[in-house]
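Beneath this line is the structure, given in structure tokens, with notes to follow.
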Amino acid sequence: MTTLQKIKEIEDEMLTDGSKARTKVAKLRRELIQGPSGGGGGGGGLGFDVARTGIASVGFVGFPSVGKALLLGLTHDLLVPGTVKVHGAPIQILDLPGIVEGAVDGRGRGRQVIAVARTCNLIFIVLDVLKPLGDKKLIEAELEGFGIRLNKKPPAIVVRKKDKGGVNITHTVPLTKIDPEEIKAVLSEYKISSCDIAIRQADVTLDDLVDVIEGNRV
């Protein structure tokens with residue numbers, strides 16, 4: 001059974017034990033991000049070495065033969081960096097090789113490609129004009145599975161671990177999607193018995209809390 005299949009199986013458990021199942025899923029997704037060697041997801045050691053230039057980087061992501069290279073005026077099947085200037089500021093452009101469905105679980109060169117995409121400041125998804133919505137959904141799922149949160153701000157949650165004193169939860173706004181007991185259940189799954197948690201966003205979810213605890217989402 002692949003890691004993604006395990007994740008799907010555990011996601012079905014969320015109907016009965018949401019906090020515990022979400023934690024299991026998060027830990028499996030951490031395996032996807034880190035890879036079998038336990039290394040980070042920044043691209044080093046995974047097949048692509050990209051020398052960074054400019055003040056920011058933009059990655060173009062899409063399925064094979066979707067037209068990324070044509071859009072950029074290139075002809076290749078390799079990761080090629082370039083630089084453009086915007087109001088005088090150098091911006092690095094990365095034309096990433098095409099990914100395939102199941103890339104995050106090891107198919108093709110997807111893990112290497114998405115690992116580089118994790119380091120980009122902005123991601124452009126290039127789609128087939130004949131099936132844009134279906135492809136967009138699949139690519140977003142691949143990126144999401146590798147810890148990339150598209151079009152989302154980091155949740156306004158701060159978790160500070162401490163040696164003793166138990167769990168102290170404060171929030172400056174009413175919580176609409178989680179409650180203190182669910183928060184403590186997630187902390188228990190991570191074996192965190194003492195910490196201070198500050199929440200400044202009303203609609204944070206258990207998934208947001210898990211992202212903050214994991215600390216490897218971008």
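Following the order of the structure tokens, first chain is A, next is B, and so on, with residues numbered from 1 inside each chain and ligands from 1 in the order they appear.
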
Pick out the residues sitting within 12 Å of Gly165 (chain A), and hand them over as a list in words; count only C-alpha atoms, and ignore anything fewer than 3 positions along from it in its own chain.
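The residues that qualify are Arg160, Lys161, Lys162, Asn168, Ile169, Ile192, Ser193, Ser194, Cys195 and Asp196 of chain A.
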
Could you give me, as a list in words, the residues within 10 Å of Gly110 (chain A), counting only C-alpha atoms and dropping anything in the same chain fewer than 4 positions from it?
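My reading of the contact set: Leu96, Pro97, Gly98, Ile99, Val100, Glu101, Gly102, Ala103, Val104, Asp105, Gly106, Ile114, Ala115, Val116, Glu142 and Leu143 of chain A.
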
Restricting it to N, CA, C and O atoms, dump the selection as a PDB file, in the first residue's frame.
```
ATOM      1  N   LEU A  96       9.659  24.163 -14.562  1.00  0.00           N
ATOM      2  CA  LEU A  96       9.833  22.842 -13.965  1.00  0.00           C
ATOM      3  C   LEU A  96       9.362  21.744 -14.917  1.00  0.00           C
ATOM      4  O   LEU A  96       8.360  21.910 -15.622  1.00  0.00           O
ATOM      5  N   PRO A  97      10.061  20.611 -14.968  1.00  0.00           N
ATOM      6  CA  PRO A  97       9.614  19.497 -15.808  1.00  0.00           C
ATOM      7  C   PRO A  97       8.192  19.075 -15.459  1.00  0.00           C
ATOM      8  O   PRO A  97       7.740  19.228 -14.317  1.00  0.00           O
ATOM      9  N   GLY A  98       7.474  18.547 -16.449  1.00  0.00           N
ATOM     10  CA  GLY A  98       6.093  18.145 -16.228  1.00  0.00           C
ATOM     11  C   GLY A  98       5.972  17.053 -15.171  1.00  0.00           C
ATOM     12  O   GLY A  98       6.797  16.150 -15.092  1.00  0.00           O
ATOM     13  N   ILE A  99       4.929  17.160 -14.353  1.00  0.00           N
ATOM     14  CA  ILE A  99       4.664  16.132 -13.352  1.00  0.00           C
ATOM     15  C   ILE A  99       3.506  15.257 -13.839  1.00  0.00           C
ATOM     16  O   ILE A  99       2.771  15.628 -14.755  1.00  0.00           O
ATOM     17  N   VAL A 100       3.360  14.096 -13.221  1.00  0.00           N
ATOM     18  CA  VAL A 100       2.270  13.187 -13.579  1.00  0.00           C
ATOM     19  C   VAL A 100       1.427  12.936 -12.338  1.00  0.00           C
ATOM     20  O   VAL A 100       1.872  13.157 -11.211  1.00  0.00           O
ATOM     21  N   GLU A 101       0.190  12.473 -12.555  1.00  0.00           N
ATOM     22  CA  GLU A 101      -0.666  12.162 -11.419  1.00  0.00           C
ATOM     23  C   GLU A 101      -0.012  11.069 -10.569  1.00  0.00           C
ATOM     24  O   GLU A 101       0.479  10.076 -11.089  1.00  0.00           O
ATOM     25  N   GLY A 102       0.015  11.280  -9.269  1.00  0.00           N
ATOM     26  CA  GLY A 102       0.702  10.356  -8.380  1.00  0.00           C
ATOM     27  C   GLY A 102       2.147  10.750  -8.142  1.00  0.00           C
ATOM     28  O   GLY A 102       2.909  10.009  -7.522  1.00  0.00           O
ATOM     29  N   ALA A 103       2.514  11.952  -8.599  1.00  0.00           N
ATOM     30  CA  ALA A 103       3.908  12.407  -8.479  1.00  0.00           C
ATOM     31  C   ALA A 103       4.370  12.444  -7.037  1.00  0.00           C
ATOM     32  O   ALA A 103       5.488  12.047  -6.713  1.00  0.00           O
ATOM     33  N   VAL A 104       3.505  12.912  -6.143  1.00  0.00           N
ATOM     34  CA  VAL A 104       3.906  13.054  -4.751  1.00  0.00           C
ATOM     35  C   VAL A 104       4.186  11.715  -4.089  1.00  0.00           C
ATOM     36  O   VAL A 104       4.893  11.627  -3.091  1.00  0.00           O
ATOM     37  N   ASP A 105       3.664  10.656  -4.695  1.00  0.00           N
ATOM     38  CA  ASP A 105       3.891   9.313  -4.146  1.00  0.00           C
ATOM     39  C   ASP A 105       5.024   8.598  -4.864  1.00  0.00           C
ATOM     40  O   ASP A 105       5.203   7.403  -4.715  1.00  0.00           O
ATOM     41  N   GLY A 106       5.777   9.342  -5.704  1.00  0.00           N
ATOM     42  CA  GLY A 106       6.988   8.773  -6.282  1.00  0.00           C
ATOM     43  C   GLY A 106       6.939   8.487  -7.766  1.00  0.00           C
ATOM     44  O   GLY A 106       7.930   8.017  -8.331  1.00  0.00           O
ATOM     45  N   ILE A 114       8.327  18.726  -7.334  1.00  0.00           N
ATOM     46  CA  ILE A 114       7.545  19.397  -6.300  1.00  0.00           C
ATOM     47  C   ILE A 114       8.447  19.881  -5.166  1.00  0.00           C
ATOM     48  O   ILE A 114       8.178  20.902  -4.534  1.00  0.00           O
ATOM     49  N   ALA A 115       9.538  19.145  -4.922  1.00  0.00           N
ATOM     50  CA  ALA A 115      10.484  19.599  -3.898  1.00  0.00           C
ATOM     51  C   ALA A 115      11.054  20.965  -4.254  1.00  0.00           C
ATOM     52  O   ALA A 115      11.230  21.824  -3.389  1.00  0.00           O
ATOM     53  N   VAL A 116      11.346  21.181  -5.534  1.00  0.00           N
ATOM     54  CA  VAL A 116      11.830  22.494  -5.967  1.00  0.00           C
ATOM     55  C   VAL A 116      10.701  23.520  -5.898  1.00  0.00           C
ATOM     56  O   VAL A 116      10.910  24.667  -5.477  1.00  0.00           O
ATOM     57  N   GLU A 142      -1.710  17.238  -5.818  1.00  0.00           N
ATOM     58  CA  GLU A 142      -0.317  16.802  -5.742  1.00  0.00           C
ATOM     59  C   GLU A 142       0.506  17.778  -4.898  1.00  0.00           C
ATOM     60  O   GLU A 142       1.299  17.371  -4.043  1.00  0.00           O
ATOM     61  N   LEU A 143       0.328  19.064  -5.134  1.00  0.00           N
ATOM     62  CA  LEU A 143       1.079  20.073  -4.387  1.00  0.00           C
ATOM     63  C   LEU A 143       0.666  20.089  -2.924  1.00  0.00           C
ATOM     64  O   LEU A 143       1.511  20.203  -2.027  1.00  0.00           O
TER      65      LEU A 143
END
```

Test item, strand (DSSP E or B) assignment across region 67-124 of chain A, answer as a PyMOL selection string
chain A and resi 80-86+89-95+122-124

Under the rule that only C-alpha atoms are counted, which of A:Asp128, A:Asp208, A:Glu214, A:Asp203 is the nearest residue to Tyr190 (chain A)?
A:Glu214

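Atom to atom, CA of Leu28 (chain A) and CA of Pro64 (chain A) stand 27.0 Å apart.
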
Spatial neighbours of region 88-93 of chain A, max dist 12 Å, only C-alpha atoms, sep filter under 6 positions, as a ChimeraX atom specification
/A:50-61,68-69,72,79-82,117,119-124

Using DSSP on the backbone coordinates, identify all residues within region 51-161 of chain A classified as helix (DSSP H, G or I); present the result as a VMD selection string.
chain A and resid 68 to 72 103 to 105 110 to 117 132 to 145
